[in-house]
Every structure is written in structure tokens, then in C-alpha cells.
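Structure file run_36.cif (mmCIF, C-alpha atoms) follows.
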```cif
data_protein
#
loop_
_atom_site.label_atom_id
_atom_site.label_comp_id
_atom_site.auth_asym_id
_atom_site.auth_seq_id
_atom_site.Cartn_x
_atom_site.Cartn_y
_atom_site.Cartn_z
CA MET A 1 -9.55 -7.45 -20.82
CA THR A 2 -6.62 -8.87 -22.74
CA GLN A 3 -2.99 -8.16 -21.98
CA THR A 4 -2.70 -5.90 -25.04
CA GLU A 5 -5.76 -3.86 -24.03
CA PHE A 6 -4.38 -3.53 -20.50
CA LEU A 7 -1.00 -2.35 -21.79
CA ASN A 8 -2.65 0.15 -24.15
CA THR A 9 -4.68 1.53 -21.24
CA VAL A 10 -1.97 1.64 -18.56
CA MET A 11 1.34 2.28 -20.33
CA PRO A 12 0.66 5.91 -21.38
CA PHE A 13 0.63 7.06 -17.74
CA LYS A 14 3.00 4.64 -16.01
CA ASP A 15 5.78 7.25 -16.04
CA LYS A 16 3.51 9.70 -14.23
CA VAL A 17 2.83 7.05 -11.60
CA PHE A 18 6.58 6.58 -11.21
CA ARG A 19 7.27 10.32 -10.91
CA LEU A 20 4.60 10.77 -8.23
CA ALA A 21 5.98 7.79 -6.33
CA LYS A 22 9.50 9.19 -6.65
CA ARG A 23 8.30 12.55 -5.34
CA LEU A 24 6.77 10.94 -2.27
CA LEU A 25 9.37 8.24 -1.55
CA VAL A 26 13.09 8.14 -0.98
CA SER A 27 14.67 6.79 -4.09
CA LYS A 28 14.36 5.53 -7.60
CA GLU A 29 14.23 1.96 -6.30
CA GLU A 30 11.42 2.71 -3.85
CA ALA A 31 9.49 4.50 -6.58
CA GLU A 32 10.00 1.58 -8.98
CA ASP A 33 8.67 -0.81 -6.33
CA ALA A 34 5.64 1.40 -5.71
CA THR A 35 4.97 1.69 -9.45
CA GLN A 36 5.21 -2.07 -9.84
CA GLU A 37 2.80 -2.61 -6.95
CA VAL A 38 0.24 -0.20 -8.41
CA LEU A 39 0.48 -1.78 -11.87
CA LEU A 40 0.17 -5.23 -10.32
CA LYS A 41 -2.97 -4.17 -8.44
CA LEU A 42 -4.41 -2.77 -11.67
CA TRP A 43 -3.60 -6.05 -13.46
CA ARG A 44 -5.26 -8.13 -10.73
CA ASN A 45 -8.39 -5.99 -11.07
CA LYS A 46 -8.27 -5.65 -14.85
CA GLY A 47 -11.89 -6.77 -15.12
CA LYS A 48 -13.02 -3.74 -13.14
CA ILE A 49 -10.88 -1.17 -14.98
CA SER A 50 -13.60 -0.41 -17.50
CA ASP A 51 -15.87 0.66 -14.59
CA TYR A 52 -13.69 3.71 -13.91
CA LYS A 53 -14.21 6.93 -15.85
CA ASN A 54 -10.55 7.91 -15.61
CA VAL A 55 -8.13 5.03 -15.08
CA GLU A 56 -5.19 7.42 -14.93
CA ALA A 57 -6.70 9.43 -12.07
CA PHE A 58 -7.59 6.20 -10.28
CA SER A 59 -4.04 4.88 -10.60
CA MET A 60 -2.58 8.19 -9.38
CA THR A 61 -4.86 7.98 -6.33
CA MET A 62 -3.71 4.40 -5.77
CA THR A 63 -0.09 5.54 -6.04
CA LYS A 64 -0.62 8.38 -3.58
CA ASN A 65 -2.30 6.06 -1.07
CA PHE A 66 0.32 3.33 -1.47
CA CYS A 67 3.18 5.80 -0.98
CA LEU A 68 1.58 7.44 2.04
CA ASP A 69 0.98 4.01 3.58
CA LYS A 70 4.61 3.14 2.94
CA LEU A 71 5.75 6.40 4.54
CA LYS A 72 3.61 5.71 7.59
CA SER A 73 4.98 2.19 7.97
CA LYS A 74 7.99 1.30 10.05
CA GLN A 75 10.09 1.00 6.90
CA ALA A 76 9.89 4.77 6.48
CA GLN A 77 12.70 5.64 8.89
CA ASN A 78 15.08 6.79 6.16
CA LEU A 79 12.70 7.94 3.42
CA LYS A 80 12.99 11.45 2.03
CA ILE A 81 11.95 13.31 -1.08
CA VAL A 82 14.45 13.43 -3.90
CA HIS A 83 13.65 15.12 -7.16
CA SER A 84 16.08 15.49 -10.05
CA ASN A 85 14.05 15.46 -13.25
CA TYR A 86 15.54 18.64 -14.68
CA GLN A 87 18.51 18.35 -17.05
CA ASP A 88 19.57 20.79 -19.75
CA HIS A 89 22.83 19.96 -21.52
CA LYS A 90 23.00 23.12 -23.65
CA VAL A 91 23.85 25.63 -20.93
CA ALA A 92 27.26 26.83 -19.75
CA LEU A 93 28.91 25.12 -16.80
CA GLN A 94 28.41 28.09 -14.44
CA LYS A 95 24.73 28.32 -15.35
CA GLN A 96 24.37 24.55 -14.89
CA VAL A 97 25.90 24.76 -11.41
CA GLU A 98 23.52 27.59 -10.52
CA LEU A 99 20.52 25.68 -11.86
CA ASN A 100 21.51 22.52 -9.98
CA ASP A 101 21.93 24.55 -6.81
CA SER A 102 18.51 26.16 -7.26
CA MET A 103 16.90 22.79 -7.98
CA SER A 104 18.40 21.30 -4.83
CA TRP A 105 17.14 24.29 -2.81
CA ILE A 106 13.68 23.91 -4.33
CA ALA A 107 13.70 20.18 -3.50
CA LYS A 108 14.64 20.99 0.10
CA ILE A 109 11.92 23.64 0.32
CA ILE A 110 9.32 21.27 -1.15
CA GLN A 111 10.42 18.61 1.32
CA ASP A 112 9.54 20.94 4.18
CA LEU A 113 6.07 21.75 2.80
CA PRO A 114 3.00 20.16 4.39
CA GLU A 115 2.14 16.80 2.79
CA GLN A 116 -0.94 18.13 0.99
CA GLN A 117 1.00 21.00 -0.58
CA LYS A 118 3.76 18.58 -1.71
CA MET A 119 1.24 16.47 -3.56
CA VAL A 120 -0.53 19.46 -5.11
CA ILE A 121 2.79 20.91 -6.36
CA GLN A 122 3.79 17.52 -7.78
CA LEU A 123 0.49 16.88 -9.54
CA ARG A 124 -0.06 20.41 -10.86
CA ASP A 125 3.36 21.87 -11.62
CA ILE A 126 5.30 18.73 -12.45
CA GLU A 127 2.71 16.27 -13.77
CA GLN A 128 0.58 19.04 -15.36
CA TYR A 129 -2.82 17.73 -14.21
CA ASP A 130 -5.71 20.18 -14.21
CA PHE A 131 -7.48 21.20 -11.02
CA ASP A 132 -10.50 18.93 -11.49
CA GLU A 133 -8.31 15.85 -11.93
CA ILE A 134 -6.24 16.74 -8.88
CA ALA A 135 -9.44 17.31 -6.90
CA LYS A 136 -10.62 13.80 -7.75
CA MET A 137 -7.24 12.24 -6.93
CA LEU A 138 -6.86 13.98 -3.59
CA ASP A 139 -10.57 14.08 -2.73
CA MET A 140 -10.53 17.86 -2.35
CA LYS A 141 -12.44 20.76 -3.86
CA PRO A 142 -10.79 22.62 -6.76
CA THR A 143 -10.77 25.84 -4.72
CA ALA A 144 -8.89 24.07 -1.92
CA ILE A 145 -6.41 22.81 -4.52
CA ARG A 146 -5.87 26.39 -5.76
CA VAL A 147 -5.35 27.65 -2.23
CA ALA A 148 -2.87 24.88 -1.37
CA LEU A 149 -1.01 25.43 -4.65
CA SER A 150 -0.86 29.19 -4.09
CA ARG A 151 0.47 28.75 -0.56
CA ALA A 152 3.05 26.20 -1.69
CA ARG A 153 4.27 28.41 -4.53
CA LYS A 154 4.42 31.42 -2.22
CA THR A 155 6.46 29.49 0.33
CA ILE A 156 8.84 28.23 -2.36
CA ARG A 157 9.22 31.71 -3.84
CA GLU A 158 9.85 33.35 -0.45
CA GLN A 159 12.32 30.71 0.70
CA LEU A 160 14.19 30.72 -2.61
CA THR A 161 14.35 34.53 -2.64
CA LYS A 162 15.64 34.53 0.92
CA THR A 163 18.27 31.93 -0.02
CA HIS A 164 19.44 33.78 -3.14
CA SER A 165 19.56 37.21 -1.49
CA TYR A 166 21.41 36.01 1.61
CA GLY A 167 23.77 38.73 2.76
CA VAL A 168 22.46 41.24 0.21
CA LYS A 169 20.37 44.16 1.49
#
```
Any chance you could give the structure as C-alpha cells?
Amino acid sequence: MTQTEFLNTVMPFKDKVFRLAKRLLVSKEEAEDATQEVLLKLWRNKGKISDYKNVEAFSMTMTKNFCLDKLKSKQAQNLKIVHSNYQDHKVALQKQVELNDSMSWIAKIIQDLPEQQKMVIQLRDIEQYDFDEIAKMLDMKPTAIRVALSRARKTIREQLTKTHSYGVK
């Protein structure tokens, strides 16, 4: 596999790898390092890439495993989830403040979800993968993915509703 073929294969989904890494790790820098490591591993094994049916799913699985290993390591003392992908410059200042507040609450709620639900929310609702792809990446059945996603969404909805209706009966 030539460098051009490798780039044509890998570059379309490198941003998704980065976003998953950012979801699981502490910062942009940590996510960039994780993305670089995954791409480097893919480059080292470029001869075997054609053996995989879905290189994107394989790289997302590699990213998930790398990030979870990093979180389990001793370096993970200060790692936390930070997510700030949403920006809309056309709304009024008050609305923007409310949206930013809601996004920070959602990030906090997602942070408290079980690890499996965090990954399912990230892959389905943010990265827009379908259930079969997520099932391959996480080595789960599609029905288990649906259940985890439903529970995660329900928890987020309940917690956000409780936060927004605080003091109102």
C-alpha cells in the first residue's frame, strides 16, 4: 500500500477517531496523541489493512481500546471527559448562554454515565454510526446497544429535566 492509498483510506475518518478519543480522554492534546498513535499503528500495519472489511470500524475499535488502556494506566489521575463540539454563532447572547449551560450539564451527566453508555452515546448520537457498526466496534449485540443507548438517553433526559426545573413545582 502506497502512502497515497493509505491517506485516501484513513483520512476520511481521522476526525471521528479524534472526536472519540476526545470524548474518552481529558483534553484536546490527549486526544491528538491518541489519534496519532492509532494512525501510526495503522501505518505500521498498512499491509494488513486490506484484510479488514471496514477499516473505519477497526480504527474506532483501536481508538476505544487505546483510550481505555490510557485511562486505566497510572497517567489517568487527572483525566476527565470534556466535550465542546457545539457552536452556533447566529443565536442571541442569552440563548447562547443557555445553550452553553445546557451543554456543560449534558457533558457532566455523560461523564457520570457507565463507561459502556458513554461510548454508545458518543458513537451513535455524536458520530452517527449505525447499530451494526457500533456492535462490531464494541463487540456487543445490536439489541444490547439499543438498550444501553436508551438507558443513557433516559438518564440524560431525567437529569437535565431535574436540573432545569430546579425549584419549580
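When the PyMOL selection byres ((chain A and resi 137) around 10) is run on the displayed coordinates, the residues it returns are A:Glu56, A:Ala57, A:Phe58, A:Ser59, A:Met60, A:Thr61, A:Met62, A:Thr63, A:Lys64, A:Asn65, A:Leu123, A:Phe131, A:Asp132, A:Glu133, A:Ile134, A:Ala135, A:Lys136, A:Leu138, A:Asp139, A:Met140.
Each of A:Asp130, A:Asp33, A:Asp125, A:Asp101 was checked against His164 (chain A) using all atoms listed in the file; the smallest atom-to-atom distance is that of A:Asp101.
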Note to self: Please enumerate the residues selected by the PyMOL selection byres ((chain A and resi 3-9) around 8) when evaluated against the supplied file, formatted as a PyMOL selection string.
What the structure shows: chain A and resi 1-2+10-12+43+46+55
Next, write the just-selected residues to a file, as an mmCIF file, in the coordinates of the input, keeping C-alpha atoms as the atom set.
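Below is the file that was written, result.cif:
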```cif
data_model
loop_
_atom_site.group_PDB
_atom_site.id
_atom_site.type_symbol
_atom_site.label_atom_id
_atom_site.label_comp_id
_atom_site.auth_asym_id
_atom_site.auth_seq_id
_atom_site.Cartn_x
_atom_site.Cartn_y
_atom_site.Cartn_z
ATOM 1 C CA MET A 1 -9.550 -7.450 -20.820
ATOM 2 C CA THR A 2 -6.620 -8.870 -22.740
ATOM 3 C CA VAL A 10 -1.970 1.640 -18.560
ATOM 4 C CA MET A 11 1.340 2.280 -20.330
ATOM 5 C CA PRO A 12 0.660 5.910 -21.380
ATOM 6 C CA TRP A 43 -3.600 -6.050 -13.460
ATOM 7 C CA LYS A 46 -8.270 -5.650 -14.850
ATOM 8 C CA VAL A 55 -8.130 5.030 -15.080
#
```
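Taking all atoms listed in the file into account, Arg19 (chain A) lies nearest to A:Ile126 out of the set A:Leu99, A:Leu68, A:Ala107, A:Ile126.
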Checklist line | Distance of CA of Ile121 (chain A) from CA of Ser102 (chain A), expressed in Å to one decimal place | finding: 16.6 Å
Margin query: Measuring between all atoms listed in the file, which one of A:Ala144, A:Leu24, A:Val97, A:Ala152 shows the shortest distance to Leu113 (chain A)?
Written below: A:Ala152
Can you list, as an mmCIF file with C-alpha atoms, in the frame of the given file, every protein, DNA or RNA residue that comes within 8 Å of Thr35 (chain A) when you count all atoms listed in the file, leaving out same-chain residues fewer than 5 positions away?
```
data_model
loop_
_atom_site.group_PDB
_atom_site.id
_atom_site.type_symbol
_atom_site.label_atom_id
_atom_site.label_comp_id
_atom_site.auth_asym_id
_atom_site.auth_seq_id
_atom_site.Cartn_x
_atom_site.Cartn_y
_atom_site.Cartn_z
ATOM 1 C CA LYS A 14 3.000 4.640 -16.010
ATOM 2 C CA VAL A 17 2.830 7.050 -11.600
ATOM 3 C CA PHE A 18 6.580 6.580 -11.210
ATOM 4 C CA ALA A 21 5.980 7.790 -6.330
ATOM 5 C CA THR A 63 -0.090 5.540 -6.040
#
```
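Shortest atom-to-atom contact with Ala34 (chain A) among A:Lys16, A:Tyr52, A:Glu115, A:Phe66: A:Phe66, counting all atoms listed in the file.
Remark: for Ile109 (chain A), the closest of the candidate residues A:Leu71, A:Leu160, A:Ala148, A:Leu93 is A:Leu160 (distances computed over only C-alpha atoms).
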Would you fill out region 24-49 of chain A with N, CA, C and O atoms and return it as a PDB file, in the coordinates of the input?
```
ATOM      1  N   LEU A  24       7.210  11.217  -3.630  1.00  0.00           N
ATOM      2  CA  LEU A  24       6.770  10.940  -2.270  1.00  0.00           C
ATOM      3  C   LEU A  24       7.720  10.015  -1.507  1.00  0.00           C
ATOM      4  O   LEU A  24       7.738  10.034  -0.278  1.00  0.00           O
ATOM      5  N   LEU A  25       8.507   9.210  -2.217  1.00  0.00           N
ATOM      6  CA  LEU A  25       9.370   8.240  -1.550  1.00  0.00           C
ATOM      7  C   LEU A  25      10.835   8.622  -1.660  1.00  0.00           C
ATOM      8  O   LEU A  25      11.194   9.611  -2.267  1.00  0.00           O
ATOM      9  N   VAL A  26      11.681   7.782  -1.118  1.00  0.00           N
ATOM     10  CA  VAL A  26      13.090   8.140  -0.980  1.00  0.00           C
ATOM     11  C   VAL A  26      13.907   8.049  -2.261  1.00  0.00           C
ATOM     12  O   VAL A  26      14.726   8.901  -2.527  1.00  0.00           O
ATOM     13  N   SER A  27      13.710   7.052  -3.031  1.00  0.00           N
ATOM     14  CA  SER A  27      14.670   6.790  -4.090  1.00  0.00           C
ATOM     15  C   SER A  27      14.004   6.237  -5.322  1.00  0.00           C
ATOM     16  O   SER A  27      12.821   5.913  -5.336  1.00  0.00           O
ATOM     17  N   LYS A  28      14.816   6.114  -6.342  1.00  0.00           N
ATOM     18  CA  LYS A  28      14.360   5.530  -7.600  1.00  0.00           C
ATOM     19  C   LYS A  28      13.869   4.097  -7.366  1.00  0.00           C
ATOM     20  O   LYS A  28      12.841   3.688  -7.898  1.00  0.00           O
ATOM     21  N   GLU A  29      14.597   3.352  -6.567  1.00  0.00           N
ATOM     22  CA  GLU A  29      14.230   1.960  -6.300  1.00  0.00           C
ATOM     23  C   GLU A  29      12.890   1.847  -5.585  1.00  0.00           C
ATOM     24  O   GLU A  29      12.060   1.005  -5.925  1.00  0.00           O
ATOM     25  N   GLU A  30      12.693   2.702  -4.573  1.00  0.00           N
ATOM     26  CA  GLU A  30      11.420   2.710  -3.850  1.00  0.00           C
ATOM     27  C   GLU A  30      10.269   3.085  -4.785  1.00  0.00           C
ATOM     28  O   GLU A  30       9.188   2.505  -4.734  1.00  0.00           O
ATOM     29  N   ALA A  31      10.512   4.065  -5.639  1.00  0.00           N
ATOM     30  CA  ALA A  31       9.490   4.500  -6.580  1.00  0.00           C
ATOM     31  C   ALA A  31       9.186   3.403  -7.600  1.00  0.00           C
ATOM     32  O   ALA A  31       8.026   3.192  -7.969  1.00  0.00           O
ATOM     33  N   GLU A  32      10.214   2.698  -8.051  1.00  0.00           N
ATOM     34  CA  GLU A  32      10.000   1.580  -8.980  1.00  0.00           C
ATOM     35  C   GLU A  32       9.161   0.490  -8.330  1.00  0.00           C
ATOM     36  O   GLU A  32       8.261  -0.084  -8.954  1.00  0.00           O
ATOM     37  N   ASP A  33       9.457   0.192  -7.059  1.00  0.00           N
ATOM     38  CA  ASP A  33       8.670  -0.810  -6.330  1.00  0.00           C
ATOM     39  C   ASP A  33       7.213  -0.382  -6.199  1.00  0.00           C
ATOM     40  O   ASP A  33       6.293  -1.183  -6.397  1.00  0.00           O
ATOM     41  N   ALA A  34       7.008   0.883  -5.863  1.00  0.00           N
ATOM     42  CA  ALA A  34       5.640   1.400  -5.710  1.00  0.00           C
ATOM     43  C   ALA A  34       4.897   1.343  -7.050  1.00  0.00           C
ATOM     44  O   ALA A  34       3.738   0.931  -7.103  1.00  0.00           O
ATOM     45  N   THR A  35       5.580   1.723  -8.123  1.00  0.00           N
ATOM     46  CA  THR A  35       4.970   1.690  -9.450  1.00  0.00           C
ATOM     47  C   THR A  35       4.588   0.263  -9.820  1.00  0.00           C
ATOM     48  O   THR A  35       3.494   0.004 -10.324  1.00  0.00           O
ATOM     49  N   GLN A  36       5.484  -0.661  -9.550  1.00  0.00           N
ATOM     50  CA  GLN A  36       5.210  -2.070  -9.840  1.00  0.00           C
ATOM     51  C   GLN A  36       4.016  -2.570  -9.045  1.00  0.00           C
ATOM     52  O   GLN A  36       3.162  -3.290  -9.578  1.00  0.00           O
ATOM     53  N   GLU A  37       3.928  -2.188  -7.782  1.00  0.00           N
ATOM     54  CA  GLU A  37       2.800  -2.610  -6.950  1.00  0.00           C
ATOM     55  C   GLU A  37       1.473  -2.068  -7.488  1.00  0.00           C
ATOM     56  O   GLU A  37       0.473  -2.785  -7.545  1.00  0.00           O
ATOM     57  N   VAL A  38       1.469  -0.813  -7.879  1.00  0.00           N
ATOM     58  CA  VAL A  38       0.240  -0.200  -8.410  1.00  0.00           C
ATOM     59  C   VAL A  38      -0.172  -0.884  -9.708  1.00  0.00           C
ATOM     60  O   VAL A  38      -1.342  -1.227  -9.903  1.00  0.00           O
ATOM     61  N   LEU A  39       0.794  -1.107 -10.594  1.00  0.00           N
ATOM     62  CA  LEU A  39       0.480  -1.780 -11.870  1.00  0.00           C
ATOM     63  C   LEU A  39       0.007  -3.208 -11.630  1.00  0.00           C
ATOM     64  O   LEU A  39      -0.894  -3.699 -12.329  1.00  0.00           O
ATOM     65  N   LEU A  40       0.600  -3.872 -10.646  1.00  0.00           N
ATOM     66  CA  LEU A  40       0.170  -5.230 -10.320  1.00  0.00           C
ATOM     67  C   LEU A  40      -1.264  -5.245  -9.786  1.00  0.00           C
ATOM     68  O   LEU A  40      -2.070  -6.108 -10.168  1.00  0.00           O
ATOM     69  N   LYS A  41      -1.599  -4.272  -8.943  1.00  0.00           N
ATOM     70  CA  LYS A  41      -2.970  -4.170  -8.440  1.00  0.00           C
ATOM     71  C   LYS A  41      -3.950  -3.898  -9.578  1.00  0.00           C
ATOM     72  O   LYS A  41      -5.053  -4.457  -9.608  1.00  0.00           O
ATOM     73  N   LEU A  42      -3.551  -3.036 -10.501  1.00  0.00           N
ATOM     74  CA  LEU A  42      -4.410  -2.770 -11.670  1.00  0.00           C
ATOM     75  C   LEU A  42      -4.590  -4.045 -12.496  1.00  0.00           C
ATOM     76  O   LEU A  42      -5.688  -4.326 -12.971  1.00  0.00           O
ATOM     77  N   TRP A  43      -3.526  -4.814 -12.681  1.00  0.00           N
ATOM     78  CA  TRP A  43      -3.600  -6.050 -13.460  1.00  0.00           C
ATOM     79  C   TRP A  43      -4.527  -7.059 -12.793  1.00  0.00           C
ATOM     80  O   TRP A  43      -5.340  -7.711 -13.441  1.00  0.00           O
ATOM     81  N   ARG A  44      -4.396  -7.187 -11.470  1.00  0.00           N
ATOM     82  CA  ARG A  44      -5.260  -8.130 -10.730  1.00  0.00           C
ATOM     83  C   ARG A  44      -6.731  -7.762 -10.858  1.00  0.00           C
ATOM     84  O   ARG A  44      -7.594  -8.626 -10.840  1.00  0.00           O
ATOM     85  N   ASN A  45      -7.008  -6.463 -10.967  1.00  0.00           N
ATOM     86  CA  ASN A  45      -8.390  -5.990 -11.070  1.00  0.00           C
ATOM     87  C   ASN A  45      -8.718  -5.504 -12.471  1.00  0.00           C
ATOM     88  O   ASN A  45      -9.526  -4.605 -12.654  1.00  0.00           O
ATOM     89  N   LYS A  46      -8.088  -6.113 -13.474  1.00  0.00           N
ATOM     90  CA  LYS A  46      -8.270  -5.650 -14.850  1.00  0.00           C
ATOM     91  C   LYS A  46      -9.707  -5.748 -15.327  1.00  0.00           C
ATOM     92  O   LYS A  46     -10.131  -4.991 -16.183  1.00  0.00           O
ATOM     93  N   GLY A  47     -10.489  -6.640 -14.743  1.00  0.00           N
ATOM     94  CA  GLY A  47     -11.890  -6.770 -15.120  1.00  0.00           C
ATOM     95  C   GLY A  47     -12.722  -5.575 -14.697  1.00  0.00           C
ATOM     96  O   GLY A  47     -13.755  -5.269 -15.297  1.00  0.00           O
ATOM     97  N   LYS A  48     -12.273  -4.882 -13.667  1.00  0.00           N
ATOM     98  CA  LYS A  48     -13.020  -3.740 -13.140  1.00  0.00           C
ATOM     99  C   LYS A  48     -12.546  -2.400 -13.718  1.00  0.00           C
ATOM    100  O   LYS A  48     -13.147  -1.367 -13.456  1.00  0.00           O
ATOM    101  N   ILE A  49     -11.450  -2.412 -14.461  1.00  0.00           N
ATOM    102  CA  ILE A  49     -10.880  -1.170 -14.980  1.00  0.00           C
ATOM    103  C   ILE A  49     -11.877  -0.401 -15.832  1.00  0.00           C
ATOM    104  O   ILE A  49     -11.951   0.828 -15.766  1.00  0.00           O
TER     105      ILE A  49
END
```
